[in-house]
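Student: I'd like to ask you about the structure that follows.
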Amino acid sequence: MKGQVALVTGGSGHLGAVICQRLAGEGAHVVVHYNRGAEAAERVVADIIAAGGSAGTIQANVTDGDEVEQMVKTIHQEHEKIDILVNNAGITRDTLFVRMSEADWDAVMETNLKSAFLCSKAVVRNMLRARYGRIVNVSSIGAFMGAPGQANYSASKAGLWGFTRSLAREVATRNVTANCVAPGYFGGPMTDKIPDDMVETILKIIPTGRYGEPHELAATVAFLASEDASYITGQIIIVDGGIMMY
């Protein structure tokens with residue numbers, strides 16, 4: 001990826017940070033997006049630079065079309081292009097469906113799904129002109145399995161899958177690919193909220209018997225973002241230790 005420019009939304013988060021580090025390790029200049037986590041984003045950049053990579057930060061509310069357009073414009077002014085877009089920004093607002101508010105639904109759908117639409121729309125025209133681009137959307141096994149208390153989250157992640165396939169069909173002839181990764185259970189802030197008794201149950205049904213490591217997801221993202229994946233588009237790669245086999 002030497003000489004390429006990658007934008008990772010939600011790059012200051014737990015999984016996003018590792019994705020940024022992996023892309024930078026492959027030679028890309030990585031733009032670490034954040035909304036409110038400025039300090040966390042700066043730490044990601046510092047780690048990348050300390051490891052010999054190239055990176056910078058950018059702030060935007062990726063649910064706001066005007067801010068997204070300005071973010072992409074700024075990156076183009078500084079680096080002339082965006083070769084890789086990783087739509088990783090995501091939140092949860094978990095609660096049982098009967099208690100779920102319209103605000104909880106809208107917040108998750110806007111951050112997890114609408115942001116992918118806005119960011120992809122902002123970068124894809126230039127990718128088409130350049131006849132090169134890689135778009136990787138971070139979905140979830142929740143898109144297939146569902147989970148109690150996550151009607152909004154599961155719906156948003158399922159929406160990413162449909163969005164990816166439609167987009168892939170439209171841009172494929174210009175050497176622009178669109179794919180999804182669907183992570184299972186990975187250690188970090190989301191799984192830290194799971195009660196101990198549920199953790200034991202979950203680990204029993206994961207064939208590998210453990211949570212995933214962030215670098216294992218990042219490696220899959222990096223492959224789909226690479227030139228080696230030029231004949232893969234419209235696909236969803238499930239990275240879940242085998243839990244979806246059940």
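If you're wondering about the labels, chains in the structure tokens are A, B, ... by order shown, residues count from 1 in each chain, ligands from 1 in order shown.
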Running DSSP on the backbone, which parts of stretch 51-228 of chain A land in helix (DSSP H, G or I), as number ranges by chain?

Tutor: A: 65-79, 97-99, 102-130, 142-145, 151-174, 189-192, 196-205, 214-224, 227-228

Student: Which stretch 140-202 of chain A residues have any atom within 10 Å of an atom of stretch 213-229 of chain A, and for each, what is the nearest pair of atoms with distance in Å to one decimal, counting only C-alpha atoms, rows sorted by chain and number, as JSON lines?

Tutor:
```
{"residue": "A:Asn175", "atom": "CA", "partner": "A:Glu227", "partner_atom": "CA", "distance": 9.9}
{"residue": "A:Thr177", "atom": "CA", "partner": "A:Ala229", "partner_atom": "CA", "distance": 8.6}
{"residue": "A:Ala178", "atom": "CA", "partner": "A:Leu224", "partner_atom": "CA", "distance": 8.6}
{"residue": "A:Asn179", "atom": "CA", "partner": "A:Leu224", "partner_atom": "CA", "distance": 7.1}
{"residue": "A:Cys180", "atom": "CA", "partner": "A:Val221", "partner_atom": "CA", "distance": 8.5}
{"residue": "A:Val181", "atom": "CA", "partner": "A:Val221", "partner_atom": "CA", "distance": 6.9}
{"residue": "A:Ala182", "atom": "CA", "partner": "A:Leu217", "partner_atom": "CA", "distance": 8.9}
{"residue": "A:Pro183", "atom": "CA", "partner": "A:Leu217", "partner_atom": "CA", "distance": 6.9}
{"residue": "A:Gly184", "atom": "CA", "partner": "A:Leu217", "partner_atom": "CA", "distance": 9.4}
{"residue": "A:Tyr185", "atom": "CA", "partner": "A:Glu213", "partner_atom": "CA", "distance": 9.1}
{"residue": "A:Phe186", "atom": "CA", "partner": "A:Glu213", "partner_atom": "CA", "distance": 6.0}
{"residue": "A:Gly187", "atom": "CA", "partner": "A:Glu213", "partner_atom": "CA", "distance": 6.7}
{"residue": "A:Gly188", "atom": "CA", "partner": "A:Pro214", "partner_atom": "CA", "distance": 8.7}
```

Student: Identify which of the residues A:Ile243, A:Asp192, A:Val123, A:Gly234 lies closest to A:Arg210, counting only C-alpha atoms when measuring atom-to-atom distances.

Tutor: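 So, comparing all the options, the nearest one is A:Ile243.
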
Student: Name all residues at most 7 Å from A:Tyr34 (count only C-alpha atoms; drop same-chain ones fewer than 5 positions away) and give them as a list of chain:residue names.

Tutor: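 Using only C-alpha atoms, the neighbours found are A:Thr9, A:Gly10, A:Gly11, A:Ser12, A:Ala41, A:Ile58, A:Gln59, A:Ala60.
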
Student: Measure the distance from atom CA of A:Leu7 to atom CA of A:Val30 in Å and round it to one decimal.

Tutor: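 According to the coordinates, atom CA of A:Leu7 and atom CA of A:Val30 are separated by 6.0 Å.
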
Student: Need to verify the contact set: A:Ala130, 10 Å, only C-alpha atoms, exclusion of same-chain residues closer than 4 positions in sequence. Can you return it as a VMD selection string?

Tutor: chain A and resid 81 to 83 124 to 126 174 to 176

Student: Give the answer as one residue: which of A:Gly146, A:His79, A:Asp94, A:Phe163 has the shortest atom-to-atom distance to A:Phe117, using only C-alpha atoms?

Tutor: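 Distance minimum relative to A:Phe117 lands on A:Phe163.
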
Student: Out of A:Val8, A:Met245, A:Val108, A:Leu85, which residue has the shortest atom-to-atom distance to A:Ala151 when counting only C-alpha atoms?

Tutor: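 Of all the options, A:Val108 lies closest to A:Ala151.
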
Student: Neighbouring residues of stretch 95-98 of chain A were defined as those with any atom within 10 Å, considering only C-alpha atoms; residues of the same chain fewer than 6 positions away were excluded. Please report them as a PDB file with C-alpha atoms, in the first residue's frame.

Tutor:
```pdb
ATOM      1  CA  ASP A 104     -31.926   5.108  20.287  1.00  0.00           C
ATOM      2  CA  TRP A 105     -32.937   3.678  16.920  1.00  0.00           C
ATOM      3  CA  ALA A 147     -29.233 -10.395  19.665  1.00  0.00           C
ATOM      4  CA  PRO A 148     -31.658  -9.495  22.435  1.00  0.00           C
ATOM      5  CA  GLY A 149     -31.525  -5.761  23.059  1.00  0.00           C
ATOM      6  CA  GLN A 150     -29.845  -5.003  19.736  1.00  0.00           C
ATOM      7  CA  ALA A 151     -32.658  -4.585  17.213  1.00  0.00           C
ATOM      8  CA  ASN A 152     -31.179  -1.236  16.148  1.00  0.00           C
TER       9      ASN A 152
END
```

Student: Going by DSSP on the backbone, which residues of stretch 18-242 of chain A come out as strand (DSSP E)? List them as an MDAnalysis selection string.

Tutor: chainID A and resid 29:34 54:59 84:87 133:138 176:183 236:239

Student: So, with only C-alpha atoms as the atoms that count, which of A:Ala116, A:Tyr246, A:Ala24, A:Glu170 lies closest to A:Ile49?

Tutor: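 Residue with the minimum atom-to-atom distance to A:Ile49: A:Ala24.
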
Student: When you draw a straight line from atom CA of A:Lys121 to atom CA of A:Ile135, how long is it in Å?

Tutor: 10.9 Å

Student: Report, in Å to a single decimal, how far apart atom CA of A:Leu23 and atom CA of A:Glu78 are.

Tutor: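 Computing the Euclidean distance for atom CA of A:Glu78 and atom CA of A:Leu23 yields 18.7 Å.
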
Student: For a quick check of understanding, using only C-alpha atoms, which of A:Val199, A:Ile75, A:Val31, A:Ala107 has the smallest distance to A:Tyr211?

Tutor: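 Going through A:Val199, A:Ile75, A:Val31, A:Ala107 one by one, the smallest distance to A:Tyr211 is for A:Val199.
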